>>> print(open('work37.cif').read())   # mmCIF, C-alpha atoms
data_upload
#
loop_
_atom_site.label_atom_id
_atom_site.label_comp_id
_atom_site.auth_asym_id
_atom_site.auth_seq_id
_atom_site.Cartn_x
_atom_site.Cartn_y
_atom_site.Cartn_z
CA MET O 163 82.68 66.79 76.72
CA ASN O 164 82.72 68.28 73.22
CA VAL O 165 85.09 71.07 72.23
CA ALA O 166 82.41 73.77 71.84
CA LEU O 167 81.04 73.10 75.31
CA ALA O 168 84.53 73.23 76.84
CA ILE O 169 85.28 76.57 75.17
CA ARG O 170 81.89 77.94 76.23
CA LEU O 171 82.48 76.99 79.87
CA ALA O 172 85.92 78.60 79.71
CA VAL O 173 84.24 81.79 78.45
CA VAL O 174 81.80 81.57 81.37
CA ALA O 175 84.78 81.44 83.76
CA THR O 176 86.67 84.38 82.21
CA VAL O 177 83.57 86.59 81.91
CA ALA O 178 82.59 85.80 85.51
CA GLU O 179 86.16 86.53 86.68
CA SER O 180 86.14 89.94 84.98
CA GLY O 181 82.76 90.68 86.58
CA TYR O 182 83.98 89.53 89.99
CA VAL O 183 87.07 91.80 89.85
CA HIS O 184 84.95 94.81 88.88
CA ALA O 185 82.35 94.03 91.57
CA LYS O 186 85.07 93.64 94.21
CA LEU O 187 86.68 96.95 93.28
CA TYR O 188 83.24 98.61 93.25
CA VAL O 189 82.45 97.36 96.76
CA ASP O 190 85.97 98.12 98.04
CA GLY O 191 85.76 101.82 97.20
CA TYR O 192 85.49 102.53 93.48
CA ARG O 193 81.78 103.25 93.93
CA SER O 194 82.72 106.63 95.35
CA ILE O 195 84.52 107.66 92.15
CA PRO O 196 82.20 109.75 89.96
CA HIS O 197 81.26 108.03 86.64
CA ILE O 198 83.80 105.22 87.21
CA GLY O 199 81.86 103.65 90.09
CA PRO O 200 78.59 103.21 88.11
CA LEU O 201 80.55 101.91 85.10
CA PHE O 202 82.23 99.27 87.28
CA LEU O 203 78.82 98.26 88.63
CA LEU O 204 77.42 98.03 85.09
CA GLN O 205 80.39 95.97 83.88
CA ALA O 206 80.09 93.58 86.82
CA ALA O 207 76.32 93.16 86.54
CA VAL O 208 76.38 92.57 82.76
CA SER O 209 79.31 90.17 83.07
CA PHE O 210 77.55 88.06 85.70
CA ALA O 211 74.37 88.04 83.60
CA LEU O 212 76.27 86.96 80.47
CA ALA O 213 78.18 84.29 82.38
CA ALA O 214 74.91 82.87 83.69
CA LEU O 215 73.28 82.85 80.25
CA LEU O 216 76.37 81.37 78.58
CA LEU O 217 75.90 78.32 80.79
CA PHE O 218 72.82 77.53 78.75
CA GLY O 219 74.04 78.37 75.25
CA ALA O 220 76.23 80.60 73.14
CA PRO O 221 74.10 82.22 70.43
CA PRO O 222 75.84 84.96 68.40
CA ILE O 223 74.11 87.72 70.38
CA LEU O 224 75.65 86.46 73.62
CA GLN O 225 79.07 85.98 72.03
CA LEU O 226 78.91 89.55 70.71
CA ALA O 227 77.79 90.90 74.08
CA ALA O 228 80.58 89.05 75.93
CA ALA O 229 83.18 90.25 73.43
CA GLY O 230 81.81 93.80 73.61
CA THR O 231 81.89 93.81 77.40
CA ALA O 232 85.49 92.55 77.41
CA LEU O 233 86.50 95.12 74.78
CA GLY O 234 84.79 97.89 76.72
CA ALA O 235 86.61 96.95 79.93
CA LEU O 236 89.95 96.76 78.12
CA GLY O 237 89.27 100.10 76.44
CA GLY O 238 88.48 101.68 79.80
CA PHE O 239 91.67 100.20 81.23
CA LEU O 240 93.76 101.66 78.39
CA LEU O 241 92.10 105.08 78.62
CA SER O 242 92.58 105.21 82.40
CA ARG O 243 96.32 104.56 81.86
CA THR O 244 96.69 107.16 79.13
CA VAL O 245 94.38 110.13 78.68
CA GLY O 246 92.13 109.36 81.66
CA VAL O 247 88.40 108.67 81.97
CA TRP O 248 86.54 111.75 83.26
CA GLY O 249 89.75 112.76 84.99
CA PHE O 250 90.27 109.31 86.54
CA THR O 251 93.72 107.86 85.95
CA GLU O 252 95.66 104.90 87.29
CA ARG O 253 99.14 103.62 86.65
CA GLY O 254 100.28 100.26 85.32
CA PHE O 255 98.65 97.16 86.71
CA GLN O 256 97.44 98.89 89.88
CA PRO O 257 95.48 97.97 91.91
CA HIS O 258 97.39 94.73 92.20
CA PRO O 259 96.47 91.98 91.43
CA ASP O 260 92.97 93.01 90.35
CA ALA O 261 94.00 95.03 87.30
CA LEU O 262 96.16 92.23 85.92
CA LEU O 263 93.51 89.56 86.60
CA SER O 264 90.87 91.67 84.91
CA VAL O 265 92.96 92.35 81.80
CA LEU O 266 94.00 88.70 81.49
CA SER O 267 90.42 87.47 81.84
CA GLU O 268 89.17 89.96 79.22
CA ILE O 269 91.90 89.04 76.74
CA ALA O 270 91.13 85.36 77.39
CA THR O 271 87.43 86.06 76.77
CA LEU O 272 88.18 87.61 73.39
CA VAL O 273 90.55 84.78 72.37
CA LEU O 274 88.09 82.09 73.49
CA ILE O 275 85.14 83.71 71.69
CA ALA O 276 87.19 84.00 68.50
CA THR O 277 88.14 80.32 68.88
CA LEU O 278 84.54 79.30 69.50
CA TRP O 279 83.32 81.32 66.55
CA THR O 280 85.94 79.78 64.24
CA TYR O 281 85.23 76.27 65.52
CA LEU O 282 81.47 76.56 65.06
CA ARG O 283 81.91 78.08 61.59
CA ARG O 284 84.07 75.15 60.46
CA ARG O 285 81.60 72.63 61.80
CA ARG O 286 78.64 74.30 60.08
CA PRO O 287 77.32 72.00 57.29
CA PRO O 288 78.04 73.33 53.82
CA SER O 289 75.12 75.13 52.19
CA ARG O 290 73.34 73.40 49.35
CA ALA O 291 73.52 76.40 47.09
CA ALA O 292 75.14 75.98 43.65
CA MET W 1140 65.83 86.88 60.00
CA THR W 1141 62.82 84.68 60.63
CA ARG W 1142 60.24 85.45 63.27
CA ARG W 1143 61.46 82.50 65.33
CA GLN W 1144 65.05 83.77 65.25
CA LEU W 1145 63.88 87.23 66.25
CA MET W 1146 61.96 85.78 69.20
CA ARG W 1147 65.01 83.78 70.26
CA HIS W 1148 67.28 86.83 70.15
CA ALA W 1149 64.74 88.86 72.07
CA GLY W 1150 64.60 86.10 74.69
CA TRP W 1151 68.36 86.06 75.20
CA PHE W 1152 68.48 89.87 75.24
CA GLY W 1153 65.64 90.10 77.72
CA GLY W 1154 67.28 87.49 79.91
CA ALA W 1155 70.52 89.44 79.86
CA VAL W 1156 68.75 92.66 80.85
CA VAL W 1157 66.79 91.05 83.68
CA LEU W 1158 69.84 89.25 85.05
CA SER W 1159 71.97 92.40 84.76
CA VAL W 1160 69.45 94.41 86.76
CA ALA W 1161 69.24 91.65 89.37
CA GLY W 1162 73.05 91.35 89.52
CA GLY W 1163 73.41 95.11 89.87
CA GLU W 1164 70.93 95.10 92.72
CA VAL W 1165 72.82 92.33 94.53
CA ILE W 1166 76.21 94.08 94.13
CA SER W 1167 74.72 97.41 95.29
CA HIS W 1168 73.21 95.64 98.29
CA ILE W 1169 76.62 94.16 99.19
CA ALA W 1170 78.22 97.62 98.85
CA ASP W 1171 75.50 99.15 101.06
CA HIS W 1172 76.10 96.46 103.66
CA HIS W 1173 79.81 97.31 103.51
CA ASP W 1174 78.94 100.97 104.21
CA GLN W 1175 76.63 99.99 107.06
CA VAL W 1176 79.43 97.99 108.70
CA ALA W 1177 81.71 101.05 108.46
CA ALA W 1178 78.98 103.32 109.80
CA ALA W 1179 78.30 100.89 112.64
CA ALA W 1180 81.98 100.91 113.57
CA ALA W 1181 82.03 104.72 113.51
CA SER W 1182 78.96 104.96 115.73
CA ASP W 1183 80.11 102.32 118.22
CA PRO W 1184 81.36 104.17 121.31
CA ASN W 1185 83.61 101.22 122.16
CA ALA W 1186 85.30 101.32 118.78
CA LEU W 1187 88.57 103.05 118.11
CA ARG W 1188 87.84 106.26 116.21
CA PHE W 1189 90.49 108.65 115.08
CA VAL W 1190 90.97 111.41 112.55
CA GLN W 1191 93.77 111.97 110.07
CA VAL W 1192 94.49 115.50 108.88
CA SER W 1193 97.41 116.36 106.68
CA ASP W 1194 99.40 119.04 104.92
CA SER W 1195 98.00 122.15 106.59
CA HIS W 1196 101.02 124.20 105.34
CA ILE W 1197 100.44 126.96 107.89
CA GLY W 1198 102.28 129.98 106.51
CA PHE W 1199 101.66 129.21 102.82
CA ASP W 1200 100.64 132.29 100.91
CA GLY W 1201 99.76 131.83 97.27
CA PRO W 1202 96.87 131.95 94.83
CA ALA W 1203 96.13 128.22 95.33
CA ASN W 1204 94.83 129.11 98.81
CA THR W 1205 95.10 132.61 100.19
CA ASP W 1206 93.82 131.53 103.62
CA VAL W 1207 95.35 128.19 104.68
CA THR W 1208 94.81 129.17 108.33
CA GLY W 1209 91.09 129.57 107.69
CA SER W 1210 91.00 126.21 105.86
CA PHE W 1211 92.75 124.47 108.77
CA GLU W 1212 90.33 126.12 111.22
CA HIS W 1213 87.52 124.79 109.05
CA ALA W 1214 89.06 121.29 109.25
CA LEU W 1215 89.30 121.55 113.05
CA ASP W 1216 85.66 122.72 113.20
CA ARG W 1217 84.75 119.64 111.16
CA ILE W 1218 86.61 117.41 113.65
CA ASN W 1219 84.80 119.09 116.53
CA SER W 1220 81.41 118.55 114.91
CA LEU W 1221 81.80 114.91 113.89
CA GLY W 1222 79.23 113.80 116.43
CA PHE W 1223 81.79 111.80 118.40
CA ARG W 1224 85.00 112.60 120.23
CA PRO W 1225 87.84 110.92 118.35
CA ASP W 1226 90.34 108.95 120.42
CA PHE W 1227 93.09 110.91 118.74
CA VAL W 1228 93.91 113.16 115.84
CA MET W 1229 96.96 112.41 113.71
CA HIS W 1230 98.48 115.13 111.55
CA THR W 1231 100.60 113.41 108.90
CA GLY W 1232 103.01 116.22 108.24
CA ASP W 1233 103.69 119.52 106.54
CA LEU W 1234 102.11 121.17 109.51
CA THR W 1235 103.92 124.36 108.52
CA HIS W 1236 105.07 125.67 105.17
CA LEU W 1237 108.45 127.12 106.11
CA SER W 1238 109.22 125.70 109.58
CA THR W 1239 109.42 129.09 111.33
CA PRO W 1240 108.97 129.11 115.13
CA ALA W 1241 105.88 131.30 114.70
CA GLN W 1242 104.31 128.80 112.28
CA PHE W 1243 105.01 125.90 114.66
CA ASP W 1244 103.52 127.86 117.58
CA GLN W 1245 100.44 128.67 115.51
CA VAL W 1246 99.80 125.12 114.31
CA LYS W 1247 100.38 123.69 117.79
CA GLN W 1248 97.93 126.17 119.29
CA MET W 1249 95.37 125.40 116.56
CA LEU W 1250 95.72 121.64 117.04
CA SER W 1251 95.09 122.10 120.77
CA THR W 1252 91.54 123.26 119.92
CA ALA W 1253 90.63 119.82 118.56
CA ARG W 1254 88.26 118.05 120.93
CA THR W 1255 90.14 114.79 121.26
CA GLU W 1256 92.07 112.77 123.82
CA ARG W 1257 95.44 113.13 122.12
CA VAL W 1258 97.10 114.76 119.14
CA PHE W 1259 99.90 113.01 117.28
CA VAL W 1260 102.04 114.31 114.45
CA VAL W 1261 104.74 113.18 112.04
CA PRO W 1262 106.89 115.72 110.19
CA GLY W 1263 106.77 116.59 106.53
CA GLU W 1264 109.68 117.97 104.54
CA HIS W 1265 108.16 121.46 104.94
CA ASP W 1266 108.63 121.05 108.69
CA ALA W 1267 112.38 120.75 108.25
CA VAL W 1268 113.11 123.73 106.03
CA GLY W 1269 116.55 125.15 106.77
CA ASP W 1270 117.19 123.37 110.08
CA GLY W 1271 116.85 119.64 109.38
CA GLY W 1272 113.78 119.43 111.63
CA ARG W 1273 115.25 120.90 114.84
CA ALA W 1274 112.40 123.39 115.35
CA TYR W 1275 109.89 120.59 114.67
CA LEU W 1276 111.52 118.32 117.24
CA ARG W 1277 111.61 121.12 119.81
CA THR W 1278 107.87 121.64 119.34
CA PHE W 1279 106.62 118.08 118.81
CA GLY W 1280 109.53 115.77 119.59
CA ALA W 1281 108.72 114.94 123.22
CA ASN W 1282 108.35 111.20 123.98
CA THR W 1283 109.73 110.14 120.61
CA SER W 1284 112.84 108.24 119.57
CA GLY W 1285 115.57 109.18 117.12
CA ASP W 1286 114.37 111.90 114.73
CA GLY W 1287 110.84 111.80 116.09
CA TRP W 1288 109.56 108.29 115.37
CA TYR W 1289 107.44 106.39 117.90
CA SER W 1290 104.83 103.71 118.38
CA PHE W 1291 101.81 103.21 120.60
CA ASP W 1292 98.92 100.81 121.18
CA THR W 1293 95.26 101.44 121.73
CA HIS W 1294 92.02 99.45 121.26
CA GLY W 1295 94.01 96.38 120.26
CA VAL W 1296 95.70 98.17 117.35
CA HIS W 1297 99.45 98.79 117.10
CA PHE W 1298 100.45 102.17 115.64
CA LEU W 1299 103.79 103.16 114.17
CA ALA W 1300 104.57 106.80 113.39
CA LEU W 1301 107.53 106.96 111.03
CA VAL W 1302 109.66 109.86 109.86
CA ASN W 1303 110.76 109.81 106.22
CA THR W 1304 111.37 113.51 105.71
CA LEU W 1305 114.25 114.56 107.97
CA SER W 1306 117.05 112.59 106.36
CA LEU W 1307 119.96 114.74 105.28
CA GLU W 1308 120.48 112.38 102.33
CA LYS W 1309 117.08 112.89 100.69
CA ALA W 1310 113.35 113.10 101.32
CA GLY W 1311 111.57 109.77 101.27
CA HIS W 1312 114.15 107.94 103.36
CA LEU W 1313 113.78 106.11 106.67
CA GLY W 1314 117.40 105.27 107.43
CA PRO W 1315 118.95 102.22 109.14
CA GLU W 1316 118.43 103.50 112.70
CA GLN W 1317 114.67 103.89 112.19
CA ILE W 1318 114.37 100.59 110.35
CA ASP W 1319 116.11 98.93 113.29
CA PHE W 1320 113.61 100.63 115.62
CA VAL W 1321 110.74 99.19 113.56
CA ARG W 1322 112.29 95.71 113.62
CA LYS W 1323 112.59 95.73 117.42
CA ASP W 1324 109.19 97.36 117.87
CA LEU W 1325 107.33 94.83 115.71
CA ALA W 1326 109.11 91.83 117.22
CA ALA W 1327 106.79 91.94 120.22
CA VAL W 1328 103.57 92.40 118.23
CA LYS W 1329 101.38 89.35 117.51
CA PRO W 1330 100.63 88.61 113.84
CA ASP W 1331 96.86 88.94 114.31
CA THR W 1332 97.21 92.47 115.73
CA PRO W 1333 96.06 95.13 113.24
CA VAL W 1334 98.94 97.48 112.48
CA VAL W 1335 98.60 101.08 111.32
CA VAL W 1336 101.64 102.94 110.00
CA PHE W 1337 101.71 106.73 109.67
CA SER W 1338 104.23 108.58 107.55
CA HIS W 1339 104.30 111.81 105.59
CA ILE W 1340 105.69 110.57 102.28
CA PRO W 1341 104.03 107.40 100.94
CA LEU W 1342 105.76 104.13 101.81
CA PHE W 1343 104.72 102.81 98.39
CA ALA W 1344 106.06 104.07 95.07
CA MET W 1345 103.20 106.39 94.15
CA TYR W 1346 105.25 108.53 91.77
CA PRO W 1347 109.00 108.39 92.43
CA GLN W 1348 109.72 110.98 89.71
CA TRP W 1349 108.16 113.58 92.00
CA GLY W 1350 109.64 112.16 95.19
CA TRP W 1351 106.37 110.45 96.07
CA SER W 1352 108.01 107.31 97.42
CA THR W 1353 110.34 106.14 100.18
CA ASP W 1354 113.50 104.57 98.83
CA ASP W 1355 114.15 102.12 101.69
CA ALA W 1356 110.51 101.39 102.63
CA LEU W 1357 110.68 97.84 101.26
CA GLN W 1358 112.63 96.76 104.34
CA VAL W 1359 109.76 97.91 106.55
CA ILE W 1360 107.15 96.48 104.16
CA ALA W 1361 108.89 93.09 104.43
CA MET W 1362 108.57 93.23 108.24
CA LEU W 1363 104.86 94.03 107.92
CA ARG W 1364 104.09 91.04 105.71
CA ARG W 1365 103.52 88.67 108.64
CA PHE W 1366 100.59 90.69 110.02
CA SER W 1367 97.06 89.87 108.97
CA SER W 1368 96.02 93.50 108.47
CA VAL W 1369 98.26 96.50 107.86
CA THR W 1370 97.03 100.00 107.00
CA CYS W 1371 99.52 102.68 105.93
CA LEU W 1372 98.26 106.26 106.06
CA ASN W 1373 100.29 109.07 104.52
CA GLY W 1374 100.04 112.67 103.40
CA HIS W 1375 102.39 114.63 101.12
CA VAL W 1376 100.56 114.07 97.83
CA HIS W 1377 97.52 116.26 98.65
CA GLN W 1378 95.07 113.83 97.05
CA LEU W 1379 93.23 110.64 97.84
CA PHE W 1380 94.79 107.48 96.53
CA THR W 1381 94.47 103.86 97.62
CA LYS W 1382 96.61 100.88 96.78
CA THR W 1383 96.52 97.33 98.12
CA GLU W 1384 99.47 94.95 98.14
CA GLY W 1385 98.46 91.67 99.74
CA ASN W 1386 97.88 92.27 103.46
CA ILE W 1387 98.90 95.94 103.25
CA THR W 1388 96.64 98.78 102.15
CA PHE W 1389 98.08 102.23 101.53
CA HIS W 1390 95.86 105.31 101.72
CA SER W 1391 97.14 108.73 100.73
CA ALA W 1392 95.21 111.55 102.34
CA THR W 1393 94.11 114.85 100.92
CA THR W 1394 95.18 118.19 102.37
CA THR W 1395 93.63 121.10 104.21
CA ALA W 1396 95.71 123.63 102.21
CA TYR W 1397 95.77 123.28 98.42
CA PRO W 1398 95.61 120.50 95.81
CA LEU W 1399 98.53 119.12 93.84
CA PRO W 1400 98.25 117.68 90.32
CA ALA W 1401 97.62 113.97 89.73
CA PRO W 1402 100.87 112.07 89.13
CA GLY W 1403 102.37 113.01 85.79
CA HIS W 1404 99.64 115.48 84.90
CA ALA W 1405 101.89 118.50 85.25
CA PRO W 1406 105.60 119.18 84.80
CA ALA W 1407 106.04 119.41 88.58
CA PRO W 1408 103.96 118.93 91.75
CA THR W 1409 103.15 122.61 92.20
CA PRO W 1410 100.06 124.02 93.96
CA GLN W 1411 97.00 123.92 91.73
CA VAL W 1412 94.78 126.97 91.45
CA LEU W 1413 91.20 125.78 91.19
CA PRO W 1414 88.20 127.74 89.96
CA ALA W 1415 86.36 129.62 92.70
CA ARG W 1416 84.32 127.42 95.08
CA GLN W 1417 86.06 124.21 93.97
CA LEU W 1418 88.93 124.48 96.44
CA GLU W 1419 86.99 123.17 99.43
CA ASP W 1420 85.93 120.13 97.40
CA ALA W 1421 89.60 119.19 97.13
CA LEU W 1422 90.31 119.67 100.84
CA GLY W 1423 89.28 117.33 103.60
CA ILE W 1424 89.89 115.16 106.62
CA ARG W 1425 89.65 111.40 107.10
CA THR W 1426 87.91 109.54 109.89
CA VAL W 1427 88.99 105.99 110.70
CA ALA W 1428 87.12 103.49 112.85
CA TYR W 1429 88.01 100.03 114.07
CA ARG W 1430 86.12 97.58 116.24
CA GLU W 1431 88.06 94.76 117.85
CA GLY W 1432 87.40 91.60 115.90
CA ASP W 1433 86.80 93.40 112.59
CA GLN W 1434 89.14 92.42 109.79
CA ALA W 1435 90.04 95.90 108.62
CA LEU W 1436 89.73 99.56 109.51
CA ALA W 1437 86.83 101.57 108.11
CA LEU W 1438 87.90 104.80 106.43
CA LYS W 1439 85.62 107.70 105.59
CA GLU W 1440 86.69 110.81 103.71
CA GLU W 1441 85.07 114.11 104.70
CA ARG W 1442 85.30 117.08 102.36
CA LEU W 1443 85.53 120.56 103.76
CA THR W 1444 82.56 121.76 101.70
#
>>> encode(input="work37.cif", output="structure tokens")
Amino acid sequence: MNVALAIRLAVVATVAESGYVHAKLYVDGYRSIPHIGPLFLLQAAVSFALAALLLFGAPPILQLAAAGTALGALGGFLLSRTVGVWGFTERGFQPHPDALLSVLSEIATLVLIATLWTYLRRRRPPSRAA
Amino acid sequence: MTRRQLMRHAGWFGGAVVLSVAGGEVISHIADHHDQVAAAAASDPNALRFVQVSDSHIGFDGPANTDVTGSFEHALDRINSLGFRPDFVMHTGDLTHLSTPAQFDQVKQMLSTARTERVFVVPGEHDAVGDGGRAYLRTFGANTSGDGWYSFDTHGVHFLALVNTLSLEKAGHLGPEQIDFVRKDLAAVKPDTPVVVFSHIPLFAMYPQWGWSTDDALQVIAMLRRFSSVTCLNGHVHQLFTKTEGNITFHSATTTAYPLPAPGHAPAPTPQVLPARQLEDALGIRTVAYREGDQALALKEERLT
């Protein structure tokens, strides 16, 4: 298995994990929270879609979308622990262990995408200009 | 960007949109199924169905709610119009605001109007103002142990009603005698029996800075770890909050009197004055259903609007 494929499959796993955590929390009760419920559903649905597509390839648009989804989820997490999101606040890594799993999978997604991007850039053949 | 590249990007984007919509539909369908299971449990006459009310604060008089008696009557009306007769109603404390005999008489009389088989209560710290809970125990302490704790079984579920508000040391304390009672009580309960624990103050550390925790609850939590399903229902915090720790799920209930601020959102947990017409949105009752064989209890929050 080549390195790029291994990193891509790891991204599939972390994106799917983030989606799974958000879907689980949505089903378990977050759907009743105004604004937050639909956002959890959106995050989960987009994450599952990206994970499925990343199985077949990792064009820049998918890498950007996966990174953006992870950043959005992390941003929501930080806001909900500080100023709140539409009045919704939580503390620390609650609910446990979902919050921690979600944050770890989103950080891993960002690190893996940066690694994949760097790896592919280095392997790109030099341009014939000049 | 070449036309071919544009087509490729559009293909990936379109695929993402289609799959996202499909994924959203599937997740929504699973959530709907979850709701249907809860609704089925609530409508099953053989299921256990009970109601939790909390923090009625009969006797409170302030701008946050100038008619707590009317609000509690409204809550009782809601119980009596649920469409089923609950097996019992549990009031998780702060029945009164100042523990006067008149307030206890009033809340007891009001609770007797609930159309249910039985009414259970646990005390809040407002039910022990000035007398360490003696008036509470005179009114509601029959058939209980120690400072008013007890347990009972129905529909295959084991219930524990704990008292963490009458300690002379501090609020949010169970004490060694009660913990010993829990140890002996749970010794005879099989691990696959669902366990429900009632208390006024949360058994989890919701916000210790405001006294929203029980300092020696971990000893009880440790005893509850061996059960497959444990549900802890509390009052005190006047707002809905849910937390899961392994096999144990904690649910804080809202109030029928007045809202309190979210943890840390105010200098102190003082009654919140809401704009007109928003008060009833913050008040409510909780119905709980359980069918033997189900993995967990189904909770439904009912607002007083």
>>> resolve_selection(input="work37.cif", expression="the PyMOL selection byres ((chain O) within 9 of (chain W))", output="VMD selection string")
chain O and resid 185 to 186 188 to 191 193 203 to 204 206 to 212 214 to 215 221 to 224 251 253 256 to 259
>>> residues_around(input="work37.cif", residues="Arg1257 (chain W)", least_positions_apart="5", cutoff="8 Å", atoms="only C-alpha atoms", output="compact mmCIF listing (two decimals) with C-alpha atoms, in the coordinates of the input")
# COMPACT_ATOMS: atom_id res chain seq x y z
CA ASP W 1226 90.34 108.95 120.42
CA PHE W 1227 93.09 110.91 118.74
CA VAL W 1228 93.91 113.16 115.84
>>> resolve_selection(input="work37.cif", expression="the PyMOL selection byres ((chain W and resi 1223) around 10)", output="list in words")
Ala1181, Ser1182, Asp1183, Pro1184, Arg1188, Phe1189, Ile1218, Asn1219, Ser1220, Leu1221, Gly1222, Arg1224, Pro1225, Asp1226, Arg1254 and Thr1255 of chain W
>>> write_last_selection(input="work37.cif", atoms="C-alpha atoms", output="mmCIF file, keeping the file's coordinate frame")
data_model
loop_
_atom_site.group_PDB
_atom_site.id
_atom_site.type_symbol
_atom_site.label_atom_id
_atom_site.label_comp_id
_atom_site.auth_asym_id
_atom_site.auth_seq_id
_atom_site.Cartn_x
_atom_site.Cartn_y
_atom_site.Cartn_z
ATOM 1 C CA ALA W 1181 82.030 104.720 113.510
ATOM 2 C CA SER W 1182 78.960 104.960 115.730
ATOM 3 C CA ASP W 1183 80.110 102.320 118.220
ATOM 4 C CA PRO W 1184 81.360 104.170 121.310
ATOM 5 C CA ARG W 1188 87.840 106.260 116.210
ATOM 6 C CA PHE W 1189 90.490 108.650 115.080
ATOM 7 C CA ILE W 1218 86.610 117.410 113.650
ATOM 8 C CA ASN W 1219 84.800 119.090 116.530
ATOM 9 C CA SER W 1220 81.410 118.550 114.910
ATOM 10 C CA LEU W 1221 81.800 114.910 113.890
ATOM 11 C CA GLY W 1222 79.230 113.800 116.430
ATOM 12 C CA ARG W 1224 85.000 112.600 120.230
ATOM 13 C CA PRO W 1225 87.840 110.920 118.350
ATOM 14 C CA ASP W 1226 90.340 108.950 120.420
ATOM 15 C CA ARG W 1254 88.260 118.050 120.930
ATOM 16 C CA THR W 1255 90.140 114.790 121.260
#
>>> residues_around(input="work37.cif", residues="region 265-273 of chain O", least_positions_apart="6", cutoff="9 Å", atoms="all atoms listed in the file", output="list in words")
Ala172, Val173, Val174, Ala175, Thr176, Val177, Ala178, Glu179, Ser180, Ala228, Ala229, Gly230, Thr231, Ala232, Leu233, Ala235, Leu236, Phe239 and Phe255 of chain O
>>> atom_distance(input="work37.cif", atom1="CA of Ala1356 (chain W)", atom2="CA of Phe1343 (chain W)")
7.3 Å
